[in-house]
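Source file: data.pdb (PDB, C-alpha atoms)
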```
ATOM      1  CA  MET S 264      38.377  -4.006   8.842
ATOM      2  CA  ASN S 265      37.827  -0.738  10.685
ATOM      3  CA  CYS S 266      35.042   0.009  13.179
ATOM      4  CA  ILE S 267      32.911   2.064  10.775
ATOM      5  CA  THR S 268      32.800  -0.766   8.237
ATOM      6  CA  SER S 269      32.165  -3.243  11.040
ATOM      7  CA  LYS S 270      29.166  -1.245  12.304
ATOM      8  CA  GLU S 271      27.766  -0.982   8.783
ATOM      9  CA  LEU S 272      28.081  -4.752   8.423
ATOM     10  CA  VAL S 273      26.419  -5.255  11.828
ATOM     11  CA  ASN S 274      23.359  -3.537  10.360
ATOM     12  CA  GLU S 275      23.286  -5.818   7.365
ATOM     13  CA  PHE S 276      23.855  -8.811   9.649
ATOM     14  CA  LEU S 277      20.821  -7.847  11.781
ATOM     15  CA  ASP S 278      18.749  -7.471   8.610
ATOM     16  CA  ASN S 279      19.883 -10.872   7.281
ATOM     17  CA  GLU S 280      21.275  -9.050   4.256
ATOM     18  CA  LEU S 281      24.983  -9.679   4.879
ATOM     19  CA  SER S 282      26.824 -11.646   2.199
ATOM     20  CA  PRO S 283      28.135 -14.967   3.578
ATOM     21  CA  GLU S 284      31.706 -14.106   2.581
ATOM     22  CA  LEU S 285      31.620 -11.056   4.881
ATOM     23  CA  LEU S 286      30.553 -13.010   7.986
ATOM     24  CA  GLN S 287      34.034 -14.277   8.786
ATOM     25  CA  PRO S 288      35.780 -10.860   8.567
ATOM     26  CA  LEU S 289      32.990  -9.297  10.668
ATOM     27  CA  PHE S 290      33.182 -11.914  13.399
ATOM     28  CA  SER S 291      36.978 -11.663  13.429
ATOM     29  CA  HIS S 292      36.709  -7.944  14.005
ATOM     30  CA  LEU S 293      34.012  -8.372  16.669
ATOM     31  CA  ALA S 294      36.194 -10.882  18.506
ATOM     32  CA  ASP S 295      38.897  -8.229  18.823
ATOM     33  CA  CYS S 296      36.829  -5.063  19.284
ATOM     34  CA  ALA S 297      34.845  -4.511  22.481
ATOM     35  CA  ALA S 298      33.280  -1.267  21.195
ATOM     36  CA  CYS S 299      31.822  -2.972  18.126
ATOM     37  CA  ARG S 300      30.591  -5.878  20.249
ATOM     38  CA  GLU S 301      28.831  -3.392  22.498
ATOM     39  CA  PHE S 302      27.345  -1.674  19.432
ATOM     40  CA  LEU S 303      26.073  -5.055  18.201
ATOM     41  CA  VAL S 304      24.465  -5.894  21.568
ATOM     42  CA  LYS S 305      22.784  -2.510  21.931
ATOM     43  CA  THR S 306      21.619  -2.379  18.333
ATOM     44  CA  LYS S 307      20.248  -5.912  18.630
ATOM     45  CA  THR S 308      18.388  -5.006  21.848
ATOM     46  CA  ILE S 309      16.752  -1.999  20.184
ATOM     47  CA  HIS S 310      16.161  -3.958  16.961
ATOM     48  CA  ASP S 311      14.292  -6.717  18.855
ATOM     49  CA  ALA S 312      12.296  -4.244  20.927
ATOM     50  CA  VAL S 313      11.255  -2.169  17.893
ATOM     51  CA  ALA S 314      10.348  -5.302  15.933
ATOM     52  CA  SER S 315       7.885  -6.170  18.705
ATOM     53  CA  LEU S 316       6.096  -2.817  18.404
ATOM     54  CA  GLN S 317       2.542  -3.428  17.320
ATOM     55  CA  ASN S 318       0.855  -1.599  14.514
ATOM     56  CA  ILE S 319      -1.631   0.979  15.694
ATOM     57  CA  PRO S 320      -5.167   0.019  14.617
ATOM     58  CA  ALA S 321      -6.605   2.314  11.960
ATOM     59  CA  PRO S 322      -9.656   4.250  13.202
ATOM     60  CA  ALA S 323     -13.096   2.828  12.422
ATOM     61  CA  GLU S 324     -13.918   6.050  10.573
ATOM     62  CA  LEU S 325     -11.467   5.005   7.885
ATOM     63  CA  ASP S 326     -13.430   1.772   7.410
ATOM     64  CA  ARG S 327     -16.638   3.751   7.010
ATOM     65  CA  LYS S 328     -15.037   5.791   4.237
ATOM     66  CA  PHE S 329     -14.227   2.604   2.347
ATOM     67  CA  ALA S 330     -17.673   1.086   2.714
ATOM     68  CA  ILE S 331     -17.808   1.112  -1.106
ATOM     69  CA  LEU S 332     -15.383  -1.808  -1.028
ATOM     70  CA  GLY S 333     -17.836  -3.715   1.127
ATOM     71  CA  ILE S 334     -15.766  -3.024   4.208
ATOM     72  CA  GLN S 335     -17.543  -3.345   7.511
ATOM     73  CA  ALA S 336     -15.756  -1.864  10.518
ATOM     74  CA  GLY S 337     -13.936  -4.515  12.517
ATOM     75  CA  THR S 338     -14.307  -7.306   9.963
ATOM     76  CA  VAL S 339     -11.696  -8.909   7.778
ATOM     77  CA  PRO S 340     -13.023  -9.975   4.386
ATOM     78  CA  VAL S 341     -11.830 -13.314   3.075
ATOM     79  CA  ILE S 342     -12.314 -14.416  -0.506
ATOM     80  CA  ASN S 343     -12.403 -17.952  -1.748
ATOM     81  CA  ARG S 344     -10.535 -17.659  -5.038
ATOM     82  CA  ARG S 345     -12.630 -20.455  -6.573
ATOM     83  CA  ILE S 346     -15.771 -18.303  -6.488
ATOM     84  CA  ALA S 347     -14.141 -15.009  -7.283
ATOM     85  CA  VAL S 348     -15.551 -13.481 -10.472
ATOM     86  CA  SER S 349     -14.332 -10.162 -11.782
ATOM     87  CA  VAL S 350     -16.694  -7.257 -12.344
ATOM     88  CA  PRO S 351     -15.760  -6.877 -16.053
ATOM     89  CA  SER S 352     -16.575 -10.557 -16.590
ATOM     90  CA  ALA S 353     -19.925 -10.075 -14.892
ATOM     91  CA  ILE S 354     -20.618  -6.905 -16.916
ATOM     92  CA  LEU S 355     -19.603  -8.631 -20.153
ATOM     93  CA  SER S 356     -21.894 -11.556 -19.378
ATOM     94  CA  GLY S 357     -24.732  -9.128 -18.653
ATOM     95  CA  VAL S 358     -24.126  -7.244 -21.914
ATOM     96  CA  LEU S 359     -24.078 -10.508 -23.885
ATOM     97  CA  VAL S 360     -27.359 -11.642 -22.318
ATOM     98  CA  PHE S 361     -28.866  -8.220 -23.055
ATOM     99  CA  MET S 362     -27.685  -8.273 -26.676
ATOM    100  CA  ILE S 363     -29.014 -11.800 -27.205
ATOM    101  CA  SER S 364     -32.356 -10.676 -25.727
ATOM    102  CA  ILE S 365     -32.411  -7.688 -28.095
ATOM    103  CA  VAL S 366     -31.658  -9.938 -31.082
ATOM    104  CA  PHE S 367     -34.474 -12.306 -30.096
ATOM    105  CA  PHE S 368     -36.842  -9.401 -29.527
ATOM    106  CA  LEU S 369     -36.008  -7.842 -32.884
ATOM    107  CA  ALA S 370     -36.338 -11.178 -34.653
ATOM    108  CA  LEU S 371     -39.757 -11.797 -33.118
ATOM    109  CA  HIS S 372     -40.838  -8.216 -33.728
ATOM    110  CA  THR S 373     -39.739  -8.330 -37.389
ATOM    111  CA  GLU S 374     -41.531 -11.648 -37.915
ATOM    112  CA  GLY S 375     -44.690 -10.239 -36.317
ATOM    113  CA  SER S 376     -44.493  -7.117 -38.524
ATOM    114  CA  GLN S 377     -44.034  -9.198 -41.633
ATOM    115  CA  SER S 378     -47.141 -11.266 -40.780
ATOM    116  CA  ALA S 379     -49.119  -8.126 -40.224
ATOM    117  CA  ALA S 380     -47.789  -6.677 -43.480
ATOM    118  CA  GLN S 381     -48.767  -9.825 -45.293
ATOM    119  CA  ARG S 382     -52.244  -9.589 -43.820
ATOM    120  CA  ILE S 383     -52.816  -6.060 -45.122
ATOM    121  CA  ASP S 384     -50.611  -6.414 -48.186
ATOM    122  CA  PRO S 385     -53.523  -6.732 -50.615
ATOM    123  CA  PRO S 386     -54.413  -3.082 -50.575
ATOM    124  CA  MET S 387     -57.906  -2.112 -49.648
ATOM    125  CA  PHE S 388     -57.771   0.469 -52.325
ATOM    126  CA  ASN S 389     -55.376   0.059 -55.233
ATOM    127  CA  ALA S 390     -55.498   2.650 -57.970
ATOM    128  CA  GLN S 391     -54.084   0.181 -60.476
ATOM    129  CA  GLN S 392     -57.227  -1.917 -60.100
ATOM    130  CA  PHE S 393     -59.236   0.839 -61.725
ATOM    131  CA  SER S 394     -57.053   0.807 -64.752
ATOM    132  CA  SER S 395     -56.753  -2.950 -65.062
ATOM    133  CA  PRO S 396     -58.431  -4.536 -68.011
ATOM    134  CA  PHE S 397     -60.044  -6.995 -65.615
ATOM    135  CA  LEU S 398     -61.862  -4.248 -63.772
ATOM    136  CA  LEU S 399     -62.717  -2.473 -66.982
ATOM    137  CA  ASN S 400     -64.120  -5.698 -68.306
ATOM    138  CA  ARG S 401     -66.179  -6.183 -65.177
ATOM    139  CA  GLN S 402     -67.556  -2.705 -65.528
TER
ATOM    140  CA  MET D  69     -11.538 -21.014   2.695
ATOM    141  CA  ASP D  70      -8.416 -20.164   0.747
ATOM    142  CA  PRO D  71      -7.359 -16.587   1.467
ATOM    143  CA  LEU D  72      -5.931 -14.724  -1.484
ATOM    144  CA  SER D  73      -2.285 -13.753  -1.629
ATOM    145  CA  ASP D  74      -1.533 -10.056  -2.136
ATOM    146  CA  GLU D  75      -0.540 -10.789  -5.731
ATOM    147  CA  ALA D  76      -3.756 -12.636  -6.567
ATOM    148  CA  ALA D  77      -5.881 -10.018  -4.791
ATOM    149  CA  THR D  78      -4.105  -7.255  -6.723
ATOM    150  CA  VAL D  79      -4.759  -8.967 -10.052
ATOM    151  CA  GLN D  80      -8.438  -9.426  -9.207
ATOM    152  CA  PHE D  81      -8.741  -5.857  -7.961
ATOM    153  CA  ARG D  82      -7.119  -4.573 -11.150
ATOM    154  CA  ASN D  83      -9.810  -6.513 -13.008
ATOM    155  CA  GLY D  84     -12.404  -4.576 -11.054
ATOM    156  CA  TYR D  85     -13.352  -7.117  -8.384
ATOM    157  CA  LEU D  86     -14.040  -4.872  -5.381
ATOM    158  CA  PRO D  87     -13.931  -7.543  -2.631
ATOM    159  CA  ALA D  88     -10.290  -8.168  -3.585
ATOM    160  CA  GLY D  89      -9.680  -4.469  -2.871
ATOM    161  CA  ALA D  90     -11.374  -4.959   0.477
ATOM    162  CA  VAL D  91      -8.919  -7.752   1.272
ATOM    163  CA  LEU D  92      -5.931  -5.541   0.418
ATOM    164  CA  TYR D  93      -7.377  -2.647   2.413
ATOM    165  CA  SER D  94      -8.059  -4.770   5.486
ATOM    166  CA  ARG D  95      -4.685  -6.448   5.312
ATOM    167  CA  HIS D  96      -2.629  -3.255   5.108
ATOM    168  CA  LYS D  97      -4.706  -0.484   6.688
ATOM    169  CA  ASP D  98      -3.156  -0.768  10.176
ATOM    170  CA  ALA D  99       0.399  -0.818   8.812
ATOM    171  CA  ILE D 100      -0.261   2.176   6.571
ATOM    172  CA  TYR D 101      -2.012   4.114   9.327
ATOM    173  CA  SER D 102       0.770   3.299  11.824
ATOM    174  CA  PHE D 103       3.412   4.408   9.347
ATOM    175  CA  CYS D 104       1.568   7.678   8.667
ATOM    176  CA  LEU D 105       0.995   8.284  12.373
ATOM    177  CA  ARG D 106       4.614   7.606  13.283
ATOM    178  CA  MET D 107       5.763   9.899  10.502
ATOM    179  CA  LEU D 108       3.291  12.714  11.114
ATOM    180  CA  ARG D 109       2.657  12.468  14.887
ATOM    181  CA  ASP D 110      -0.893  13.675  14.254
ATOM    182  CA  PRO D 111      -3.825  11.190  14.266
ATOM    183  CA  ASP D 112      -6.066  13.348  12.047
ATOM    184  CA  ALA D 113      -3.343  13.972   9.485
ATOM    185  CA  ALA D 114      -2.410  10.270   9.607
ATOM    186  CA  GLN D 115      -6.021   9.293   8.935
ATOM    187  CA  ASP D 116      -6.223  11.721   6.012
ATOM    188  CA  ALA D 117      -2.958  10.424   4.556
ATOM    189  CA  SER D 118      -4.146   6.817   4.956
ATOM    190  CA  GLN D 119      -7.449   7.689   3.326
ATOM    191  CA  GLU D 120      -5.676   9.278   0.363
ATOM    192  CA  THR D 121      -3.407   6.248   0.103
ATOM    193  CA  PHE D 122      -6.307   3.822  -0.197
ATOM    194  CA  LEU D 123      -8.213   6.143  -2.519
ATOM    195  CA  LYS D 124      -5.171   6.035  -4.792
ATOM    196  CA  MET D 125      -5.141   2.256  -4.414
ATOM    197  CA  MET D 126      -8.708   2.250  -5.749
ATOM    198  CA  THR D 127      -8.117   4.677  -8.591
ATOM    199  CA  LYS D 128      -4.556   3.966  -9.640
ATOM    200  CA  VAL D 129      -4.097   0.276  -9.046
ATOM    201  CA  GLN D 130      -3.936  -0.118 -12.832
ATOM    202  CA  SER D 131      -0.621   1.741 -12.799
ATOM    203  CA  LEU D 132       0.939  -0.854 -10.489
ATOM    204  CA  LYS D 133       3.608  -2.624 -12.498
ATOM    205  CA  ASP D 134       3.762  -6.407 -12.593
ATOM    206  CA  GLY D 135       6.147  -7.834 -10.038
ATOM    207  CA  VAL D 136       5.899  -4.852  -7.686
ATOM    208  CA  ALA D 137       4.613  -5.915  -4.277
ATOM    209  CA  VAL D 138       1.417  -4.054  -3.456
ATOM    210  CA  LYS D 139       2.666  -3.546   0.107
ATOM    211  CA  SER D 140       5.724  -1.556  -0.969
ATOM    212  CA  TRP D 141       3.604   0.292  -3.539
ATOM    213  CA  LEU D 142       1.134   1.297  -0.800
ATOM    214  CA  PHE D 143       3.986   2.487   1.410
ATOM    215  CA  SER D 144       5.362   4.492  -1.489
ATOM    216  CA  VAL D 145       1.962   6.160  -1.973
ATOM    217  CA  ALA D 146       1.600   6.722   1.793
ATOM    218  CA  ARG D 147       5.103   8.161   1.916
ATOM    219  CA  ASN D 148       4.199  10.690  -0.786
ATOM    220  CA  GLU D 149       1.059  11.663   1.114
ATOM    221  CA  VAL D 150       3.100  12.071   4.299
ATOM    222  CA  LEU D 151       5.633  14.144   2.424
ATOM    223  CA  MET D 152       2.899  16.424   1.096
ATOM    224  CA  VAL D 153       1.540  16.976   4.619
ATOM    225  CA  LEU D 154       5.017  17.650   5.994
ATOM    226  CA  ARG D 155       5.666  20.154   3.237
ATOM    227  CA  ARG D 156       2.271  21.785   3.696
ATOM    228  CA  LYS D 157       3.006  22.156   7.382
ATOM    229  CA  LYS D 158       6.465  23.415   6.419
ATOM    230  CA  ILE D 159       8.060  20.765   8.628
ATOM    231  CA  VAL D 160      10.150  19.607   5.692
ATOM    232  CA  PRO D 161      11.188  22.030   2.957
ATOM    233  CA  MET D 162      10.772  20.789  -0.607
ATOM    234  CA  ASP D 163      14.453  20.065  -1.137
ATOM    235  CA  LYS D 164      15.404  18.796   2.307
ATOM    236  CA  PHE D 165      13.824  15.346   2.501
ATOM    237  CA  GLU D 166      17.149  13.710   1.999
ATOM    238  CA  GLU D 167      20.095  12.657   4.074
ATOM    239  CA  ASP D 168      21.287  15.825   5.659
ATOM    240  CA  GLY D 169      23.371  16.119   8.837
ATOM    241  CA  PRO D 170      22.690  14.019  11.920
ATOM    242  CA  ALA D 171      19.867  11.478  11.866
ATOM    243  CA  VAL D 172      18.334  12.813  15.085
ATOM    244  CA  ASP D 173      16.496  16.084  15.225
ATOM    245  CA  THR D 174      18.223  17.613  18.239
ATOM    246  CA  MET D 175      15.656  20.417  18.382
ATOM    247  CA  ASN D 176      12.929  17.867  19.027
ATOM    248  CA  PRO D 177      11.651  18.197  22.623
ATOM    249  CA  LEU D 178      11.131  14.435  22.747
ATOM    250  CA  THR D 179      14.891  13.975  22.806
ATOM    251  CA  MET D 180      14.897  15.151  26.403
ATOM    252  CA  ALA D 181      11.930  13.059  27.513
ATOM    253  CA  LEU D 182      13.135   9.514  27.065
ATOM    254  CA  ASP D 183      11.810   7.910  30.196
ATOM    255  CA  GLY D 184       9.041   5.457  31.076
ATOM    256  CA  GLU D 185       8.159   2.055  29.674
ATOM    257  CA  LEU D 186      10.412   0.623  26.962
ATOM    258  CA  ASN D 187       7.750   0.779  24.238
ATOM    259  CA  ASP D 188       6.934   4.417  24.976
ATOM    260  CA  VAL D 189      10.598   5.311  25.057
ATOM    261  CA  LEU D 190      11.193   3.569  21.747
ATOM    262  CA  GLN D 191       8.270   5.340  20.110
ATOM    263  CA  LYS D 192       9.558   8.694  21.357
ATOM    264  CA  ALA D 193      13.108   7.909  20.305
ATOM    265  CA  ILE D 194      11.952   6.980  16.790
ATOM    266  CA  LEU D 195      10.025  10.245  16.591
ATOM    267  CA  THR D 196      13.228  12.154  17.178
ATOM    268  CA  LEU D 197      14.694  10.806  13.928
ATOM    269  CA  LYS D 198      14.455  13.170  10.996
ATOM    270  CA  PRO D 199      11.695  12.152   8.550
ATOM    271  CA  ALA D 200      14.063  10.894   5.842
ATOM    272  CA  TYR D 201      15.711   8.549   8.349
ATOM    273  CA  ARG D 202      12.536   7.685  10.236
ATOM    274  CA  GLU D 203      10.731   6.423   7.136
ATOM    275  CA  ALA D 204      13.563   4.068   6.196
ATOM    276  CA  TYR D 205      13.903   2.880   9.795
ATOM    277  CA  LEU D 206      10.154   2.228  10.240
ATOM    278  CA  LEU D 207       9.815   0.456   6.910
ATOM    279  CA  ARG D 208      12.679  -1.856   7.811
ATOM    280  CA  GLU D 209      12.288  -2.435  11.540
ATOM    281  CA  VAL D 210       8.527  -2.315  11.981
ATOM    282  CA  GLU D 211       7.218  -3.331   8.565
ATOM    283  CA  GLY D 212      10.026  -5.691   7.603
ATOM    284  CA  LEU D 213      10.505  -4.430   4.033
ATOM    285  CA  THR D 214      13.699  -5.475   2.261
ATOM    286  CA  TYR D 215      16.322  -2.912   1.261
ATOM    287  CA  GLU D 216      15.079  -3.093  -2.339
ATOM    288  CA  GLU D 217      11.458  -2.560  -1.299
ATOM    289  CA  ILE D 218      12.423   0.406   0.874
ATOM    290  CA  ALA D 219      14.440   1.897  -1.973
ATOM    291  CA  LEU D 220      11.404   1.493  -4.237
ATOM    292  CA  ALA D 221       8.997   2.963  -1.690
ATOM    293  CA  THR D 222      11.210   5.938  -0.911
ATOM    294  CA  GLU D 223      12.414   6.574  -4.474
ATOM    295  CA  SER D 224      15.948   5.984  -3.306
ATOM    296  CA  THR D 225      18.792   3.536  -3.836
ATOM    297  CA  VAL D 226      19.761   0.463  -1.842
ATOM    298  CA  SER D 227      23.052   2.051  -0.784
ATOM    299  CA  ALA D 228      21.218   5.185   0.420
ATOM    300  CA  VAL D 229      18.793   2.974   2.355
ATOM    301  CA  LYS D 230      21.695   1.125   4.004
ATOM    302  CA  SER D 231      23.276   4.417   4.928
ATOM    303  CA  LYS D 232      20.059   5.791   6.425
ATOM    304  CA  LEU D 233      19.490   2.616   8.436
ATOM    305  CA  PHE D 234      23.038   2.654   9.715
ATOM    306  CA  LYS D 235      22.837   6.284  10.803
ATOM    307  CA  SER D 236      19.384   5.816  12.327
ATOM    308  CA  ARG D 237      20.505   2.842  14.368
ATOM    309  CA  ALA D 238      23.700   4.501  15.477
ATOM    310  CA  ALA D 239      21.707   7.572  16.522
ATOM    311  CA  LEU D 240      19.182   5.485  18.440
ATOM    312  CA  VAL D 241      21.924   3.530  20.208
ATOM    313  CA  GLU D 242      23.498   6.810  21.273
ATOM    314  CA  LEU D 243      20.150   8.254  22.302
ATOM    315  CA  LEU D 244      18.971   5.198  24.227
ATOM    316  CA  THR D 245      22.239   4.143  25.868
ATOM    317  CA  PRO D 246      21.591   6.172  29.059
ATOM    318  CA  TYR D 247      18.109   4.678  29.323
ATOM    319  CA  MET D 248      19.375   1.155  28.670
ATOM    320  CA  GLU D 249      22.107   1.539  31.244
ATOM    321  CA  ARG D 250      19.649   2.857  33.832
ATOM    322  CA  ARG D 251      17.290  -0.037  33.118
ATOM    323  CA  LYS D 252      20.178  -2.523  32.763
ATOM    324  CA  LEU D 253      18.891  -3.675  29.363
TER
END
```
Represent the structure contained in this file as C-alpha cells.
Amino acid sequence: MNCITSKELVNEFLDNELSPELLQPLFSHLADCAACREFLVKTKTIHDAVASLQNIPAPAELDRKFAILGIQAGTVPVINRRIAVSVPSAILSGVLVFMISIVFFLALHTEGSQSAAQRIDPPMFNAQQFSSPFLLNRQ
Amino acid sequence: MDPLSDEAATVQFRNGYLPAGAVLYSRHKDAIYSFCLRMLRDPDAAQDASQETFLKMMTKVQSLKDGVAVKSWLFSVARNEVLMVLRRKKIVPMDKFEEDGPAVDTMNPLTMALDGELNDVLQKAILTLKPAYREAYLLREVEGLTYEEIALATESTVSAVKSKLFKSRAALVELLTPYMERRKL
C-alpha cells in the first residue's frame, strides 16, 4: 500500500466507512510509515475539533416568517403521534358533516313543501269544475 | 409525550398536518442556517437561503421520494439555494462548482489569518475551502451525513464525495499544521 492510498483509507477509517478487510493493510502501513501516522493524528485532531463545532442558531426573524406553521420563536413543538390528525382527514370529515346536513335539510325542506303543496292542491279555482257535469247539474 | 421521528413527521406533513412541518422546521433550522452561513459567509444571504429552503419544504414536500431522509433532502435544497446565491454574486461560475484544482482557495484573505482560539481558527480554515469542497466537508464533519447522503444532497457520486473529503482534510491538515505546532495540539 502506498501513502496516497493509506491517506484515503485514513479518511474512511475516521468516518467509520472503511471495509473491515482493509483495516489490517492500513494498520500494517501505519505501523511502518511515520508520515501517514502523523497525517492520521493531525486529521483526527481536526476531525474531533470540527465535530464539536456547534450549529449557529437561526435568527428569530426566520421563526416569525414561518409563523404559519404555528412556530413561536424560541419554542420547539412536540407532537404526540396518538393525537395527530391530518388536515385532509379533518377537511374530509367536515365535508361529510356538511353534506349530511345538506341532505337532512333538503329532505326536511322537500317534506315541508310537499305538505304545503298538499294543503293547496285542491285548486281554489279550477276551470275544469265549470265544465264538469256535477257543476252543470248544480247550476 | 412521544416525539415524532423525521420519517413520521414527513409523512404527516405530506398529508397536510402543519404541526408536523413545525417539528421538521424546528429540528433542522439551525443546521440548515449554519450550513448556509458557513457556505455564504453572509448572515443576510444565509437567512434568505434558509427561508427559501423551508418554503420549498412547505410547497414541495410532496416531491420527496419515499426512503429519502428529509434531512439530506433539506440540505440538497439548501445547497441549491446557496449555489444560486454564489452564482448571482458571481463567486462561483455556472460550470465551476466541481472539483477543480486545490481544495483551498489560496486567494482567500482568511488563509493568512489563522490565529486565535481553536474554534475561530477552524471556522476560518473551513471558509478557505472552495465551495465544492466546503459543502462536502461540512455535511460530513459537522452534520454527520453519510457518504451516500452527501452524494444525494450534492448531486454527486460516493467516489466524488470521498475524493472531496480526502482533499479537504489534506488541505486543512496542511493549512493548520503551523497553528497546531505552535499550540502543541
Q: Record the distance separating atom CA of D:Val136 and atom CA of D:Thr78, expressed in Å with one decimal.
A: 10.3 Å
Q: Using all atoms listed in the file, determine which residues of chain D fall within 6 Å of chain S; present them as JSON, numbers by chain.
A: {"D": [69, 70, 71, 83, 84, 85, 86, 90, 91, 94, 98, 99, 101, 102, 209, 210]}
Q) atom CA of D:Leu151 and atom CA of D:Met107 are how many Å apart? A)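 Atom CA of D:Met107 lies 9.1 Å from atom CA of D:Leu151.
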Q) How many Å lie between atom CA of D:Ser231 and atom CA of D:Tyr201, rounded to one decimal? A)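 Distance reported for this atom pair: 9.3 Å.
Distance check against S:Glu301 using all atoms listed in the file: of S:Pro288, S:Leu371, S:Ser269, S:Met264, the minimum falls on S:Ser269.
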**Q.** Explicit residue set for the PyMOL selection byres ((chain D and resi 235) around 12), as a VMD selection string
**A.** (chain S and resid 267 270 to 271 274 306) or (chain D and resid 167 to 172 197 to 198 200 to 202 204 to 205 228 to 234 236 to 243)
Take the residues just selected and output them with C-alpha atoms as a compact mmCIF listing (two decimals), in the frame of the given file.
```txt
# COMPACT_ATOMS: atom_id res chain seq x y z
CA ILE S 267 32.91 2.06 10.78
CA LYS S 270 29.17 -1.25 12.30
CA GLU S 271 27.77 -0.98 8.78
CA ASN S 274 23.36 -3.54 10.36
CA THR S 306 21.62 -2.38 18.33
CA GLU D 167 20.10 12.66 4.07
CA ASP D 168 21.29 15.82 5.66
CA GLY D 169 23.37 16.12 8.84
CA PRO D 170 22.69 14.02 11.92
CA ALA D 171 19.87 11.48 11.87
CA VAL D 172 18.33 12.81 15.08
CA LEU D 197 14.69 10.81 13.93
CA LYS D 198 14.46 13.17 11.00
CA ALA D 200 14.06 10.89 5.84
CA TYR D 201 15.71 8.55 8.35
CA ARG D 202 12.54 7.68 10.24
CA ALA D 204 13.56 4.07 6.20
CA TYR D 205 13.90 2.88 9.80
CA ALA D 228 21.22 5.18 0.42
CA VAL D 229 18.79 2.97 2.36
CA LYS D 230 21.70 1.12 4.00
CA SER D 231 23.28 4.42 4.93
CA LYS D 232 20.06 5.79 6.42
CA LEU D 233 19.49 2.62 8.44
CA PHE D 234 23.04 2.65 9.72
CA SER D 236 19.38 5.82 12.33
CA ARG D 237 20.50 2.84 14.37
CA ALA D 238 23.70 4.50 15.48
CA ALA D 239 21.71 7.57 16.52
CA LEU D 240 19.18 5.48 18.44
CA VAL D 241 21.92 3.53 20.21
CA GLU D 242 23.50 6.81 21.27
CA LEU D 243 20.15 8.25 22.30
```
Taking all listed atoms of stretch 190-204 of chain D, build the axis-aligned box, pad each of the six sides by 4 Å, then write its centre and edge lengths in Å to one decimal as JSON.
```
{"center_x": 12.0, "center_y": 8.4, "center_z": 13.8, "size_x": 15.4, "size_y": 17.6, "size_z": 23.9}
```
Q: Measuring atom to atom with only C-alpha atoms, identify which of D:Ala114, D:Ile100, D:Ala76, D:Leu207 is nearest to D:Val145.
A: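 Among the listed residues, the smallest separation from D:Val145 belongs to D:Ile100.
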Please produce stretch 237-241 of chain D, completed to all heavy atoms, as an mmCIF file, in the coordinates of the input.
```cif
data_model
loop_
_atom_site.group_PDB
_atom_site.id
_atom_site.type_symbol
_atom_site.label_atom_id
_atom_site.label_comp_id
_atom_site.auth_asym_id
_atom_site.auth_seq_id
_atom_site.Cartn_x
_atom_site.Cartn_y
_atom_site.Cartn_z
ATOM 1 N N ARG D 237 20.230 3.760 13.265
ATOM 2 C CA ARG D 237 20.505 2.842 14.368
ATOM 3 C C ARG D 237 21.600 3.380 15.277
ATOM 4 O O ARG D 237 21.494 3.287 16.506
ATOM 5 C CB ARG D 237 20.902 1.476 13.807
ATOM 6 C CG ARG D 237 19.703 0.709 13.320
ATOM 7 C CD ARG D 237 20.116 -0.505 12.565
ATOM 8 N NE ARG D 237 18.973 -1.331 12.239
ATOM 9 C CZ ARG D 237 18.936 -2.156 11.198
ATOM 10 N NH1 ARG D 237 19.983 -2.273 10.420
ATOM 11 N NH2 ARG D 237 17.874 -2.881 10.960
ATOM 12 N N ALA D 238 22.611 3.940 14.670
ATOM 13 C CA ALA D 238 23.700 4.501 15.477
ATOM 14 C C ALA D 238 23.163 5.631 16.351
ATOM 15 O O ALA D 238 23.513 5.745 17.532
ATOM 16 C CB ALA D 238 24.817 4.996 14.568
ATOM 17 N N ALA D 239 22.276 6.457 15.765
ATOM 18 C CA ALA D 239 21.707 7.572 16.522
ATOM 19 C C ALA D 239 20.842 7.058 17.667
ATOM 20 O O ALA D 239 20.885 7.587 18.779
ATOM 21 C CB ALA D 239 20.879 8.451 15.587
ATOM 22 N N LEU D 240 20.057 6.016 17.390
ATOM 23 C CA LEU D 240 19.182 5.485 18.440
ATOM 24 C C LEU D 240 19.991 4.828 19.554
ATOM 25 O O LEU D 240 19.642 4.942 20.731
ATOM 26 C CB LEU D 240 18.187 4.485 17.839
ATOM 27 C CG LEU D 240 17.084 5.114 16.976
ATOM 28 C CD1 LEU D 240 16.190 4.052 16.367
ATOM 29 C CD2 LEU D 240 16.249 6.102 17.783
ATOM 30 N N VAL D 241 21.072 4.140 19.179
ATOM 31 C CA VAL D 241 21.924 3.530 20.208
ATOM 32 C C VAL D 241 22.477 4.632 21.111
ATOM 33 O O VAL D 241 22.442 4.531 22.345
ATOM 34 C CB VAL D 241 23.085 2.726 19.559
ATOM 35 C CG1 VAL D 241 24.167 2.413 20.585
ATOM 36 C CG2 VAL D 241 22.556 1.427 18.957
#
```
